[in-house]
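**Q** Please read through the structure below; I'll follow up with questions.
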Amino acid sequence: MLDYVDLEEDLSAEEKLIRDTAREFVAEEVQPEIADHYENGTFPTELIPEMGELGFYAPNLEGYGSPNVSEHAYGLLMQELEACDSGLRSMASVQGALVMYPIHAFGSEAQKEEWLPALGRGEAVGCFGLTEPDHGSNPAGMETRAERDADGYVLNGSKTWITNSPIADVAVVWARDTSADDSPIRGFLVETDRDGVSTNKIDEKLSMRASVTGEIGLSDVRVPEENVLPDVEGMKGPLSCLTQARYGIAWGAIGAARDCFETARDYQLDRDQFGGPIARFQIQQQKLSEMATQITLAQLLAYRLADLKEDGRLRPQHVSMAKRNNVRMARNQARVAREMLGGNGITTDYSPMRHMSNMETVYTYEGTHDIHSLILGQDLTGIAAFE
Ligand SMILES: Cc1cc2nc3c(=O)[nH]c(=O)nc-3n(C[C@H](O)[C@H](O)[C@H](O)COP(=O)(O)OP(=O)(O)OC[C@H]3O[C@@H](n4cnc5c(N)ncnc54)[C@H](O)[C@@H]3O)c2cc1C
């Protein structure tokens, strides 16, 4: 696998083991069926517990069954999962970074005991409800409301584009607490079997098809006080989760690009035109050279991010730069790989077009490319250009 400047040489034995475990799992359990899942618009839900057993959900957290692996190991895990399909990495990202992380960081002891081990083992599935039909890039405009009554809270509103919602047992729902001064945003753990919760599936996707996406409808949903995440208020709650997940995306996108590169190189060496392999043509070699260079640059950024995260020096803006750059890189290189496969490149027999189409989602979710440009622009100039 492409590792042009020997970055993997410096990994610890444990980090290599985690990478190899994920690589083998993908090759044996998912790769053979991923094209069918993509075509059918399904996720291999039967693998969710096995992914838990293998430690794929938030292994970088400490306690409650999580082994606290290094940030490099966590990144490599995301890279291997997304080398198969962005849907697989999205499942693990949402479960780990968007559901387990907020419970771990902001939850009560009882919430941690109840949910973290079950989510970590894949016995329960979680989802993260932030986006609303009228509030995507600007989630602070959210309209979902939580109103306090004698027994707890009553939630009303709707969330959309929610990964895993139709298969989730619990949703982390972000809503405005209208009973408190200034209606702060709070996080609520909402079991999806509560009265008034609906989780309709969104079927019409042309991207990220091997991932379950849906809505969350909340109609007078009653949750007890114990279901509020006690230790966070305001946009800091959801945004800190997104920083964790975007870190995983910055790594994961490299996996998709790497798989495109490997597929294109193999194809070019096998496929003969004009009396020999097409890999002998300078135009094709130029494409492979550029692809390998862009992947290597993205890897360097991801490895540096891991160092900063380990040292506690990682800023959300660093993550914005890496998410923005690495996903754009993967989106561009998937397209080049697709063209290098000629007509065969438009089928599900080969991965590049599937990755290319997945990258349309990855480019858009967890902060669009444009929004990350604005985050960086603000950091570089001190001037916010969002409104
Ligand atoms: C498959 C999939 C899974 C998802 N999973 C989840 C999930 O699990 N949980 C969740 O909460 N959300 C999820 N999302 C939602 C995702 O985060 C949003 O789609 C994303 O934030 C963009 O919001 P929007 O679609 O409303 O686009 P909009 O905000 O309407 O943006 C439309 C366009 O306008 C641009 N734009 C917007 N504002 C500005 C500005 N100020 N300056 C310049 N350009 C701007 C954007 O960059 C974009 O190009 C998912 C989305 C998809 C497609």
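Ordering of the structure tokens sets the chain letters (A, B, ...), residue numbers begin anew at 1 in every chain, and ligands are numbered from 1 in the order given.
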May I ask you to write as a PyMOL selection string all residues lying at most 7 Å from ligand 1, with only C-alpha atoms and all ligand atoms counted?
**A** chain A and resi 94+127-131+133-138+160-164+207-208+213+361+364-371+385-387
**Q** May I have the residues from that selection written out with N, CA and C atoms, as an mmCIF file, in the first residue's frame?
**A**
data_model
loop_
_atom_site.group_PDB
_atom_site.id
_atom_site.type_symbol
_atom_site.label_atom_id
_atom_site.label_comp_id
_atom_site.auth_asym_id
_atom_site.auth_seq_id
_atom_site.Cartn_x
_atom_site.Cartn_y
_atom_site.Cartn_z
ATOM 1 N N VAL A 94 -19.378 8.032 13.346
ATOM 2 C CA VAL A 94 -20.566 8.537 14.047
ATOM 3 C C VAL A 94 -20.674 7.867 15.416
ATOM 4 N N CYS A 127 -26.706 7.692 16.887
ATOM 5 C CA CYS A 127 -26.634 8.673 15.804
ATOM 6 C C CYS A 127 -26.563 10.064 16.416
ATOM 7 N N PHE A 128 -26.272 11.052 15.578
ATOM 8 C CA PHE A 128 -25.964 12.412 16.030
ATOM 9 C C PHE A 128 -26.864 13.371 15.272
ATOM 10 N N GLY A 129 -27.785 13.995 15.969
ATOM 11 C CA GLY A 129 -28.763 14.844 15.294
ATOM 12 C C GLY A 129 -28.477 16.317 15.487
ATOM 13 N N LEU A 130 -27.831 16.911 14.495
ATOM 14 C CA LEU A 130 -27.553 18.347 14.545
ATOM 15 C C LEU A 130 -28.246 19.054 13.382
ATOM 16 N N THR A 131 -28.020 18.570 12.152
ATOM 17 C CA THR A 131 -28.538 19.245 10.956
ATOM 18 C C THR A 131 -30.071 19.214 10.927
ATOM 19 N N PRO A 133 -33.684 20.571 8.475
ATOM 20 C CA PRO A 133 -34.018 20.871 7.079
ATOM 21 C C PRO A 133 -33.635 22.301 6.665
ATOM 22 N N ASP A 134 -33.789 23.271 7.567
ATOM 23 C CA ASP A 134 -33.485 24.663 7.206
ATOM 24 C C ASP A 134 -32.177 25.183 7.797
ATOM 25 N N HIS A 135 -31.399 24.300 8.439
ATOM 26 C CA HIS A 135 -30.166 24.761 9.101
ATOM 27 C C HIS A 135 -29.088 23.692 8.970
ATOM 28 N N GLY A 136 -28.252 23.853 7.914
ATOM 29 C CA GLY A 136 -27.164 22.908 7.682
ATOM 30 C C GLY A 136 -25.824 23.522 8.047
ATOM 31 N N SER A 137 -25.332 24.399 7.179
ATOM 32 C CA SER A 137 -24.031 25.038 7.465
ATOM 33 C C SER A 137 -24.094 25.954 8.680
ATOM 34 N N ASN A 138 -25.292 26.378 9.030
ATOM 35 C CA ASN A 138 -25.436 27.265 10.194
ATOM 36 C C ASN A 138 -26.290 26.583 11.267
ATOM 37 N N THR A 160 -32.409 16.236 9.914
ATOM 38 C CA THR A 160 -32.340 15.502 8.650
ATOM 39 C C THR A 160 -30.895 15.210 8.277
ATOM 40 N N TRP A 161 -30.733 14.280 7.338
ATOM 41 C CA TRP A 161 -29.405 13.837 6.900
ATOM 42 C C TRP A 161 -28.638 13.193 8.049
ATOM 43 N N ILE A 162 -29.307 12.377 8.827
ATOM 44 C CA ILE A 162 -28.660 11.827 10.016
ATOM 45 C C ILE A 162 -28.183 10.398 9.754
ATOM 46 N N THR A 163 -26.852 10.246 9.716
ATOM 47 C CA THR A 163 -26.243 8.923 9.497
ATOM 48 C C THR A 163 -26.694 7.970 10.610
ATOM 49 N N ASN A 164 -27.142 6.804 10.214
ATOM 50 C CA ASN A 164 -27.531 5.725 11.142
ATOM 51 C C ASN A 164 -28.891 5.911 11.810
ATOM 52 N N SER A 207 -24.951 9.168 -3.549
ATOM 53 C CA SER A 207 -23.621 9.170 -2.916
ATOM 54 C C SER A 207 -23.778 8.481 -1.566
ATOM 55 N N MET A 208 -22.673 7.921 -1.053
ATOM 56 C CA MET A 208 -22.698 7.286 0.272
ATOM 57 C C MET A 208 -23.850 6.282 0.372
ATOM 58 N N THR A 213 -28.916 6.502 6.028
ATOM 59 C CA THR A 213 -29.118 7.920 6.370
ATOM 60 C C THR A 213 -30.614 8.157 6.561
ATOM 61 N N THR A 361 -20.404 13.396 -0.699
ATOM 62 C CA THR A 361 -20.939 13.553 0.666
ATOM 63 C C THR A 361 -19.860 14.033 1.618
ATOM 64 N N THR A 364 -19.139 17.493 1.662
ATOM 65 C CA THR A 364 -20.255 18.330 2.132
ATOM 66 C C THR A 364 -20.529 18.187 3.623
ATOM 67 N N TYR A 365 -20.410 16.954 4.155
ATOM 68 C CA TYR A 365 -20.806 16.827 5.583
ATOM 69 C C TYR A 365 -19.643 17.187 6.498
ATOM 70 N N GLU A 366 -20.016 17.359 7.776
ATOM 71 C CA GLU A 366 -19.027 17.755 8.795
ATOM 72 C C GLU A 366 -18.360 19.085 8.442
ATOM 73 N N GLY A 367 -19.174 20.016 7.931
ATOM 74 C CA GLY A 367 -18.670 21.297 7.472
ATOM 75 C C GLY A 367 -18.287 21.176 6.016
ATOM 76 N N THR A 368 -18.970 21.940 5.158
ATOM 77 C CA THR A 368 -18.648 21.856 3.731
ATOM 78 C C THR A 368 -17.236 22.418 3.505
ATOM 79 N N HIS A 369 -16.716 22.123 2.338
ATOM 80 C CA HIS A 369 -15.404 22.669 1.947
ATOM 81 C C HIS A 369 -15.398 24.190 2.104
ATOM 82 N N ASP A 370 -16.482 24.830 1.671
ATOM 83 C CA ASP A 370 -16.569 26.296 1.762
ATOM 84 C C ASP A 370 -16.509 26.758 3.221
ATOM 85 N N ILE A 371 -17.240 26.065 4.074
ATOM 86 C CA ILE A 371 -17.281 26.484 5.480
ATOM 87 C C ILE A 371 -15.895 26.346 6.112
ATOM 88 N N ALA A 385 -16.208 35.805 7.909
ATOM 89 C CA ALA A 385 -16.906 36.092 6.637
ATOM 90 C C ALA A 385 -18.104 35.161 6.445
ATOM 91 N N PHE A 386 -18.690 34.704 7.558
ATOM 92 C CA PHE A 386 -19.786 33.736 7.453
ATOM 93 C C PHE A 386 -21.110 34.386 7.070
ATOM 94 N N GLU A 387 -21.273 35.675 7.424
ATOM 95 C CA GLU A 387 -22.601 36.283 7.202
ATOM 96 C C GLU A 387 -22.477 37.497 6.300
#
**Q** Return as JSON, numbers by chain the full set of residues in range 29-197 of chain A whose backbone-based DSSP assignment is helix (DSSP H, G or I).
**A** {"A": [29, 30, 31, 32, 33, 34, 35, 36, 37, 38, 39, 40, 45, 46, 47, 48, 49, 50, 51, 52, 53, 71, 72, 73, 74, 75, 76, 77, 78, 79, 80, 81, 82, 83, 84, 86, 87, 88, 89, 90, 91, 92, 93, 94, 95, 96, 97, 98, 99, 100, 101, 102, 103, 104, 105, 106, 109, 110, 111, 112, 113, 114, 115, 116, 117, 118, 119, 120, 139, 140, 141, 165, 166, 167]}
**Q** Next, the residues of the selection above should be written as a tab-separated table (two decimals), in the first residue's frame with C-alpha atoms.
**A**
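The resulting file, out.tsv, is shown below:
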chain	number	residue	atom	x	y	z
A	29	GLU	CA	-15.60	-9.41	5.61
A	30	VAL	CA	-16.57	-6.29	3.69
A	31	GLN	CA	-14.71	-5.95	0.41
A	32	PRO	CA	-16.37	-8.95	-1.26
A	33	GLU	CA	-19.85	-7.48	-0.71
A	34	ILE	CA	-19.37	-3.74	-0.66
A	35	ALA	CA	-20.33	-3.20	-4.31
A	36	ASP	CA	-23.63	-5.04	-3.76
A	37	HIS	CA	-24.36	-2.99	-0.65
A	38	TYR	CA	-23.59	0.15	-2.59
A	39	GLU	CA	-25.91	-0.81	-5.43
A	40	ASN	CA	-28.68	-1.86	-3.03
A	45	THR	CA	-25.53	-4.18	9.75
A	46	GLU	CA	-24.66	-7.75	10.75
A	47	LEU	CA	-21.02	-6.61	11.03
A	48	ILE	CA	-21.74	-3.88	13.60
A	49	PRO	CA	-21.07	-6.12	16.65
A	50	GLU	CA	-17.93	-7.59	15.07
A	51	MET	CA	-16.63	-4.09	14.43
A	52	GLY	CA	-17.24	-3.48	18.14
A	53	GLU	CA	-15.38	-6.63	19.16
A	71	GLU	CA	-4.27	9.07	17.79
A	72	HIS	CA	-2.08	7.61	15.03
A	73	ALA	CA	-3.71	4.21	15.56
A	74	TYR	CA	-7.17	5.77	15.50
A	75	GLY	CA	-6.33	7.63	12.28
A	76	LEU	CA	-4.96	4.51	10.62
A	77	LEU	CA	-8.12	2.66	11.56
A	78	MET	CA	-10.23	5.33	9.85
A	79	GLN	CA	-7.92	5.18	6.82
A	80	GLU	CA	-8.32	1.41	6.45
A	81	LEU	CA	-12.12	1.53	6.84
A	82	GLU	CA	-12.50	4.28	4.25
A	83	ALA	CA	-10.13	2.49	1.85
A	84	CYS	CA	-13.06	0.07	1.62
A	86	SER	CA	-16.77	5.91	3.19
A	87	GLY	CA	-19.97	4.34	4.51
A	88	LEU	CA	-18.00	1.94	6.67
A	89	ARG	CA	-15.85	4.74	8.10
A	90	SER	CA	-18.94	6.92	8.60
A	91	MET	CA	-20.55	4.20	10.72
A	92	ALA	CA	-17.49	4.02	12.98
A	93	SER	CA	-17.00	7.81	13.02
A	94	VAL	CA	-20.57	8.54	14.05
A	95	GLN	CA	-20.69	5.81	16.68
A	96	GLY	CA	-17.31	6.78	18.13
A	97	ALA	CA	-16.66	10.48	17.59
A	98	LEU	CA	-20.22	11.82	17.49
A	99	VAL	CA	-22.02	9.60	20.01
A	100	MET	CA	-19.51	7.99	22.39
A	101	TYR	CA	-17.27	11.07	22.54
A	102	PRO	CA	-19.98	13.51	23.77
A	103	ILE	CA	-21.22	10.98	26.33
A	104	HIS	CA	-17.63	10.46	27.48
A	105	ALA	CA	-16.81	14.19	27.56
A	106	PHE	CA	-20.08	15.70	28.77
A	109	GLU	CA	-21.59	8.84	35.34
A	110	ALA	CA	-24.89	7.00	34.89
A	111	GLN	CA	-25.04	7.91	31.17
A	112	LYS	CA	-21.47	6.72	30.67
A	113	GLU	CA	-22.14	3.41	32.45
A	114	GLU	CA	-25.35	2.85	30.54
A	115	TRP	CA	-24.18	3.68	27.03
A	116	LEU	CA	-20.41	3.61	26.53
A	117	PRO	CA	-19.76	-0.14	26.95
A	118	ALA	CA	-22.83	-1.09	24.87
A	119	LEU	CA	-21.95	1.35	22.07
A	120	GLY	CA	-18.29	0.30	22.19
A	139	PRO	CA	-26.55	24.81	12.89
A	140	ALA	CA	-26.68	27.61	15.47
A	141	GLY	CA	-29.94	28.64	13.78
A	165	SER	CA	-30.80	7.22	12.44
A	166	PRO	CA	-33.02	4.43	11.02
A	167	ILE	CA	-30.91	1.76	12.75
**Q** If I take CA of Gln268 in chain A and CA of Met329 in chain A, how far is one from the other in Å, to one decimal?
**A**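 CA of Gln268 in chain A sits 20.8 Å away from CA of Met329 in chain A.
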**Q** Pick the closest to Ser240 in chain A from A:Thr42, A:Thr347, A:Thr144, A:Gln317: which is it, counting only C-alpha atoms?
**A** A:Gln317
**Q** Find the spatial neighbours of His372 in chain A, counting only C-alpha atoms, within a cut-off of 10 Å - ignore same-chain residues fewer than 4 positions away - and output them as a ChimeraX atom specification.
**A** /A:317,319-325,366-368,376-378
**Q** Write the residues of the preceding selection, restricted to N, CA and C atoms, as a PDB file, in the first residue's frame.
**A**
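again-v7.pdb, written as the output of this step:
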ATOM      1  N   GLN A 317      -9.027  24.576  14.020  1.00  0.00           N
ATOM      2  CA  GLN A 317      -8.651  25.120  12.708  1.00  0.00           C
ATOM      3  C   GLN A 317      -7.638  24.224  11.999  1.00  0.00           C
ATOM      4  N   VAL A 319      -7.701  21.045  12.192  1.00  0.00           N
ATOM      5  CA  VAL A 319      -8.530  19.947  11.676  1.00  0.00           C
ATOM      6  C   VAL A 319      -9.293  20.415  10.438  1.00  0.00           C
ATOM      7  N   SER A 320      -9.747  21.670  10.464  1.00  0.00           N
ATOM      8  CA  SER A 320     -10.434  22.218   9.281  1.00  0.00           C
ATOM      9  C   SER A 320      -9.520  22.181   8.071  1.00  0.00           C
ATOM     10  N   MET A 321      -8.259  22.575   8.270  1.00  0.00           N
ATOM     11  CA  MET A 321      -7.328  22.582   7.134  1.00  0.00           C
ATOM     12  C   MET A 321      -7.161  21.167   6.566  1.00  0.00           C
ATOM     13  N   ALA A 322      -7.008  20.194   7.452  1.00  0.00           N
ATOM     14  CA  ALA A 322      -6.766  18.823   6.992  1.00  0.00           C
ATOM     15  C   ALA A 322      -8.018  18.207   6.379  1.00  0.00           C
ATOM     16  N   LYS A 323      -9.175  18.461   6.981  1.00  0.00           N
ATOM     17  CA  LYS A 323     -10.427  17.905   6.405  1.00  0.00           C
ATOM     18  C   LYS A 323     -10.615  18.514   5.013  1.00  0.00           C
ATOM     19  N   ARG A 324     -10.454  19.814   4.944  1.00  0.00           N
ATOM     20  CA  ARG A 324     -10.671  20.525   3.680  1.00  0.00           C
ATOM     21  C   ARG A 324      -9.717  20.025   2.603  1.00  0.00           C
ATOM     22  N   ASN A 325      -8.444  19.953   2.950  1.00  0.00           N
ATOM     23  CA  ASN A 325      -7.441  19.572   1.949  1.00  0.00           C
ATOM     24  C   ASN A 325      -7.548  18.100   1.553  1.00  0.00           C
ATOM     25  N   GLU A 366     -20.016  17.359   7.776  1.00  0.00           N
ATOM     26  CA  GLU A 366     -19.027  17.755   8.795  1.00  0.00           C
ATOM     27  C   GLU A 366     -18.360  19.085   8.442  1.00  0.00           C
ATOM     28  N   GLY A 367     -19.174  20.016   7.931  1.00  0.00           N
ATOM     29  CA  GLY A 367     -18.670  21.297   7.472  1.00  0.00           C
ATOM     30  C   GLY A 367     -18.287  21.176   6.016  1.00  0.00           C
ATOM     31  N   THR A 368     -18.970  21.940   5.158  1.00  0.00           N
ATOM     32  CA  THR A 368     -18.648  21.856   3.731  1.00  0.00           C
ATOM     33  C   THR A 368     -17.236  22.418   3.505  1.00  0.00           C
ATOM     34  N   LEU A 376     -10.831  28.805   8.207  1.00  0.00           N
ATOM     35  CA  LEU A 376      -9.409  29.131   8.046  1.00  0.00           C
ATOM     36  C   LEU A 376      -9.222  30.612   7.764  1.00  0.00           C
ATOM     37  N   GLY A 377     -10.106  31.159   6.930  1.00  0.00           N
ATOM     38  CA  GLY A 377     -10.007  32.587   6.596  1.00  0.00           C
ATOM     39  C   GLY A 377     -10.111  33.455   7.847  1.00  0.00           C
ATOM     40  N   GLN A 378     -11.023  33.079   8.730  1.00  0.00           N
ATOM     41  CA  GLN A 378     -11.179  33.840   9.975  1.00  0.00           C
ATOM     42  C   GLN A 378      -9.928  33.715  10.847  1.00  0.00           C
TER      43      GLN A 378
END
**Q** Residues within 10 Å of Val5 in chain A, please, as a list in words. Count only C-alpha atoms; anything in the same chain fewer than 5 positions from it doesn't count.
**A** Thr296, Leu297, Gln299 and Leu300 of chain A
**Q** What is the distance between CA of Ser108 in chain A and CA of Met142 in chain A, in Å to one decimal?
**A** 24.6 Å
**Q** Could you tell me which of A:Leu7, A:Ile18, A:Ala180, A:Glu28 comes closest to Asn60 in chain A if we count only C-alpha atoms?
**A**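 Once distances to Asn60 in chain A are computed over only C-alpha atoms, the minimum belongs to A:Ile18.
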**Q** So, counting only C-alpha atoms, which residue among A:Asp220, A:Asp266, A:Asp151, A:Glu143 is closest to Trp174 in chain A?
**A** A:Glu143
**Q** When you draw a straight line from CA of Arg194 in chain A to CA of Ala171 in chain A, how long is it in Å?
**A**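 Between CA of Arg194 in chain A and CA of Ala171 in chain A the gap is 10.9 Å.
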**Q** If DSSP is run on the backbone, what residues of range 126-334 of chain A are strand (DSSP E or B)? A reply as a count of residues only would be ideal.
**A** 58
